[in-house]
>>> print(open('coords_10.txt').read())   # compact mmCIF, C-alpha atoms
# COMPACT_ATOMS: atom_id res chain seq x y z
CA MET A 249 -10.95 -149.76 103.97
CA GLN A 250 -14.72 -149.38 103.60
CA THR A 251 -16.90 -151.80 101.64
CA VAL A 252 -19.86 -150.53 99.62
CA GLU A 253 -22.48 -152.82 98.09
CA VAL A 254 -22.99 -152.38 94.34
CA THR A 255 -26.52 -153.02 93.09
CA LYS A 256 -27.75 -153.96 89.63
CA ARG A 257 -29.32 -150.49 89.45
CA ASP A 258 -25.93 -148.87 90.17
CA ILE A 259 -24.40 -150.88 87.34
CA GLU A 260 -27.27 -150.13 84.98
CA ILE A 261 -27.24 -146.34 85.39
CA CYS A 262 -23.44 -146.14 85.10
CA LEU A 263 -23.44 -148.46 82.09
CA ASN A 264 -26.18 -146.38 80.40
CA PHE A 265 -24.20 -143.20 81.06
CA SER A 266 -20.98 -144.65 79.62
CA SER A 267 -22.74 -145.96 76.51
CA GLU A 268 -24.51 -142.66 75.89
CA ILE A 269 -21.45 -140.43 76.36
CA ILE A 270 -19.31 -142.61 74.07
CA ASP A 271 -22.03 -143.16 71.45
CA THR A 272 -22.65 -139.39 71.22
CA GLN A 273 -18.88 -138.80 70.95
CA ASN A 274 -18.74 -136.48 73.96
CA GLN A 275 -15.88 -138.24 75.74
CA PHE A 276 -12.21 -137.49 75.12
CA ASN A 277 -10.47 -140.67 73.88
CA ARG A 278 -7.28 -140.24 75.92
CA PHE A 279 -5.56 -143.44 74.80
CA SER A 280 -7.07 -143.90 71.30
CA LYS A 281 -8.91 -147.04 72.40
CA SER A 282 -11.80 -148.91 70.78
CA THR A 283 -15.38 -147.91 71.48
CA ASN A 284 -15.86 -150.95 73.75
CA THR A 285 -12.74 -150.14 75.78
CA GLN A 286 -13.81 -146.50 76.09
CA LYS A 287 -17.25 -147.60 77.33
CA GLU A 288 -15.73 -149.97 79.87
CA ARG A 289 -13.29 -147.40 81.22
CA THR A 290 -15.97 -144.70 81.38
CA PHE A 291 -18.31 -147.15 83.13
CA VAL A 292 -15.64 -148.04 85.69
CA GLY A 293 -14.88 -144.40 86.43
CA LYS A 294 -18.53 -143.41 86.75
CA LEU A 295 -19.27 -146.43 88.95
CA GLY A 296 -16.39 -145.42 91.22
CA GLU A 297 -17.82 -141.91 91.53
CA TYR A 298 -21.28 -143.27 92.26
CA ILE A 299 -19.94 -145.69 94.87
CA PHE A 300 -18.18 -142.82 96.63
CA LEU A 301 -21.39 -140.76 96.52
CA LYS A 302 -23.30 -143.67 98.09
CA TYR A 303 -20.63 -143.97 100.77
CA LEU A 304 -20.75 -140.26 101.56
CA ASN A 305 -24.53 -140.32 101.82
CA SER A 306 -24.45 -143.37 104.08
CA ARG A 307 -22.70 -141.25 106.72
CA GLU A 308 -25.08 -139.74 109.28
CA SER A 309 -23.77 -136.20 109.07
CA ILE A 310 -23.37 -135.99 105.27
CA THR A 311 -25.87 -135.26 102.53
CA TYR A 312 -24.01 -134.84 99.26
CA PRO A 313 -26.05 -134.08 96.12
CA GLU A 314 -25.82 -136.16 92.96
CA GLY A 315 -25.83 -132.88 91.06
CA ASP A 316 -24.89 -133.22 87.40
CA MET A 317 -23.02 -136.51 87.87
CA PHE A 318 -25.00 -138.12 85.04
CA THR A 319 -25.31 -135.08 82.79
CA ILE A 320 -23.53 -135.28 79.45
CA PHE A 321 -22.07 -131.97 78.34
CA GLU A 322 -21.60 -131.43 74.61
CA GLY A 323 -18.03 -131.56 73.35
CA LYS A 324 -15.02 -133.74 74.10
CA GLU A 325 -13.15 -130.80 75.63
CA ASN A 326 -15.75 -130.38 78.41
CA VAL A 327 -13.87 -132.17 81.17
CA ASP A 328 -15.11 -131.88 84.74
CA GLU A 329 -12.88 -129.95 87.12
CA PHE A 330 -13.37 -132.45 89.95
CA ASP A 331 -15.53 -135.38 91.02
CA PHE A 332 -16.33 -134.06 94.52
CA VAL A 333 -15.59 -130.98 96.59
CA THR A 334 -15.14 -130.73 100.35
CA LYS A 335 -16.71 -128.14 102.65
CA ASP A 336 -13.53 -126.06 102.38
CA ASN A 337 -13.57 -126.26 98.54
CA LYS A 338 -10.85 -128.89 98.15
CA LYS A 339 -11.18 -130.92 94.95
CA VAL A 340 -11.44 -134.71 95.13
CA GLU A 341 -10.82 -137.09 92.22
CA ILE A 342 -11.95 -140.73 92.27
CA LYS A 343 -9.66 -143.37 90.77
CA VAL A 344 -10.72 -146.97 90.31
CA ALA A 345 -8.72 -150.19 90.20
CA SER A 346 -11.18 -152.25 88.19
CA LYS A 347 -9.59 -155.59 87.36
CA PRO A 348 -8.61 -158.36 89.77
CA PHE A 349 -4.88 -157.84 89.13
CA HIS A 350 -4.98 -154.04 89.60
CA LYS A 351 -3.10 -153.07 92.75
CA ARG A 352 -2.78 -149.29 92.39
CA ILE A 353 -4.48 -146.14 91.28
CA MET A 354 -3.01 -144.27 88.35
CA VAL A 355 -3.39 -140.64 87.33
CA PRO A 356 -2.28 -139.89 83.75
CA ILE A 357 0.08 -136.90 83.64
CA ASP A 358 -2.33 -134.75 81.61
CA GLN A 359 -5.02 -135.37 84.26
CA PHE A 360 -2.54 -134.71 87.05
CA GLN A 361 -1.88 -131.26 85.60
CA MET A 362 -5.54 -130.39 86.32
CA LYS A 363 -4.88 -129.90 90.00
CA LYS A 364 -6.97 -131.90 92.47
CA ASP A 365 -6.29 -131.82 96.20
CA PHE A 366 -7.10 -135.46 96.99
CA TYR A 367 -7.25 -138.75 95.08
CA VAL A 368 -9.48 -141.55 96.38
CA GLY A 369 -8.71 -145.18 95.49
CA ILE A 370 -11.55 -147.65 94.96
CA LYS A 371 -11.21 -151.33 94.02
CA LEU A 372 -14.03 -153.22 92.28
CA ASN A 373 -14.48 -156.93 92.94
CA SER A 374 -14.94 -157.67 89.24
CA LYS A 375 -14.35 -160.86 87.28
CA LEU A 376 -13.05 -160.99 83.72
CA ASP A 377 -14.18 -162.85 80.63
CA ASN A 378 -11.78 -164.66 78.27
CA TYR A 379 -10.82 -161.35 76.63
CA ASP A 380 -10.07 -159.50 79.91
CA ASN A 381 -13.29 -157.50 79.71
CA ILE A 382 -15.02 -156.84 83.02
CA ILE A 383 -18.13 -158.92 83.52
CA LYS A 384 -20.40 -156.13 84.75
CA GLU A 385 -22.86 -158.52 86.43
CA SER A 386 -20.03 -159.90 88.59
CA ILE A 387 -19.58 -156.64 90.49
CA SER A 388 -21.41 -156.82 93.82
CA LYS A 389 -19.16 -154.72 96.02
CA ALA A 390 -16.35 -152.22 95.96
CA GLU A 391 -13.74 -151.32 98.51
CA ILE A 392 -12.83 -147.73 99.20
CA TYR A 393 -9.18 -148.22 100.12
CA GLY A 394 -8.41 -144.67 101.08
CA PHE A 395 -6.96 -141.46 99.74
CA ILE A 396 -3.75 -139.56 99.09
CA GLU A 397 -3.03 -135.85 99.05
CA ARG A 398 -1.85 -134.29 95.82
CA ASP A 399 1.39 -132.96 97.30
CA ILE A 400 2.43 -136.47 98.37
CA LEU A 401 1.54 -137.98 94.99
CA GLU A 402 3.38 -135.12 93.33
CA LYS A 403 6.63 -136.31 94.94
CA THR A 404 6.37 -139.76 93.35
CA ARG A 405 8.15 -140.45 90.11
CA ALA A 406 5.95 -140.72 87.02
CA LYS A 407 6.00 -144.19 85.46
CA ASN A 408 4.76 -145.67 82.21
CA PHE A 409 2.63 -148.78 82.75
CA GLY A 410 2.01 -149.19 79.02
CA GLU A 411 -0.23 -146.28 78.05
CA GLY A 412 1.85 -143.24 78.88
CA TYR A 413 3.29 -141.70 82.01
CA CYS A 414 1.24 -141.36 85.16
CA LYS A 415 1.51 -140.79 88.87
CA SER A 416 0.57 -143.90 90.83
CA ILE A 417 0.35 -145.35 94.30
CA GLU A 418 -0.48 -148.80 95.58
CA LEU A 419 -3.92 -149.12 97.12
CA SER A 420 -2.39 -150.55 100.29
CA LYS A 421 -0.43 -147.31 100.83
CA LEU A 422 -3.45 -144.98 100.83
CA LYS A 423 -4.51 -143.18 104.01
CA ASN A 424 -7.64 -144.19 105.88
CA ILE A 425 -10.69 -142.77 104.09
CA LYS A 426 -12.20 -141.65 107.40
CA GLU A 427 -9.54 -138.92 107.59
CA LEU A 428 -10.93 -137.42 104.37
CA ILE A 429 -14.62 -137.96 105.14
CA VAL A 430 -14.51 -135.47 108.04
CA LYS A 431 -13.92 -132.75 105.44
CA PHE A 432 -17.37 -133.31 103.86
>>> encode(input="coords_10.txt", output="structure tokens")
Amino acid sequence: MQTVEVTKRDIEICLNFSSEIIDTQNQFNRFSKSTNTQKERTFVGKLGEYIFLKYLNSRESITYPEGDMFTIFEGKENVDEFDFVTKDNKKVEIKVASKPFHKRIMVPIDQFQMKKDFYVGIKLNSKLDNYDNIIKESISKAEIYGFIERDILEKTRAKNFGEGYCKSIELSKLKNIKELIVKF
């Protein structure tokens, strides 16, 4: 597991992105959730991607570009094909466990059908308010637990945790992230 510090600037740029993409209605509402829930989930996902980018770029031998990470593409159907790509063109998807009680990463079945080669699990150290909303200012670090290959996740049984079927794995069962980093 690798710990990455999360700054107020990291939170601010990811929060601004999530607000803008939801407010301009350019995000697919997978679970028919409220605007606030959509913003929170988009924020969490984008923060996870940004944390992984920071981790990659903290490695001596890696310089990974931010690219269009914060670009909003018009239309809800414009879904990115991957979050990151390795030197040998393998697709990497970032999944975030955002609440204190989250113990696994989950990939909704419709997302799992868009084939990625690796899934990285990140856990935020967030606190919750009385309504189970993440207190953004409470996030000061994140732990990159590790990764799993698609073919291994494929062999797991899909489960419904309350919002539809997904493939999942406990964070503690992920492989050491250093095994994946050598591919960048």
>>> closest_residue(input="coords_10.txt", among="A:Leu301, A:Met362, A:Lys294, A:Asp316", to="A:Lys343", atoms="only C-alpha atoms")
A:Lys294
>>> residues_around(input="coords_10.txt", residues="stretch 365-376 of chain A", least_positions_apart="4", cutoff="6 Å", atoms="only C-alpha atoms", output="MDAnalysis selection string")
chainID A and resid 338:346 380:383 386:387 390:398
>>> closest_residue(input="coords_10.txt", among="A:Val355, A:Ala406, A:Val254, A:Met317", to="A:Phe332", atoms="all atoms listed in the file")
A:Met317
>>> closest_residue(input="coords_10.txt", among="A:Asn424, A:Phe291, A:Phe265, A:Met354", to="A:Thr404", atoms="only C-alpha atoms")
A:Met354
>>> residues_near_point(input="coords_10.txt", point="(-17.9, -128.7, 96.6)", cutoff="12 Å", atoms="all atoms listed in the file", output="JSON, numbers by chain")
{"A": [311, 312, 313, 314, 315, 329, 330, 331, 332, 333, 334, 335, 336, 337, 338, 339, 340, 341, 431, 432]}
>>> closest_residue(input="coords_10.txt", among="A:Thr251, A:Arg405, A:Ser266, A:Leu419", to="A:Phe349", atoms="all atoms listed in the file")
A:Leu419
>>> atom_distance(input="coords_10.txt", atom1="atom CA of A:Ile310", atom2="atom CA of A:Glu427")
14.3 Å
>>> closest_residue(input="coords_10.txt", among="A:Arg289, A:Lys415, A:Thr319, A:Asn408", to="A:Gln361", atoms="all atoms listed in the file")
A:Lys415
>>> atom_distance(input="coords_10.txt", atom1="atom CA of A:Gln273", atom2="atom CA of A:Lys389")
29.7 Å
>>> residues_around(input="coords_10.txt", residues="A:Pro356", least_positions_apart="5", cutoff="8 Å", atoms="all atoms listed in the file", output="PyMOL selection string")
chain A and resi 412-415
>>> atom_distance(input="coords_10.txt", atom1="atom CA of A:Asp258", atom2="atom CA of A:Ile425")
21.5 Å
>>> closest_residue(input="coords_10.txt", among="A:Ser306, A:Pro348, A:Thr290, A:Met249", to="A:Lys421", atoms="all atoms listed in the file")
A:Met249
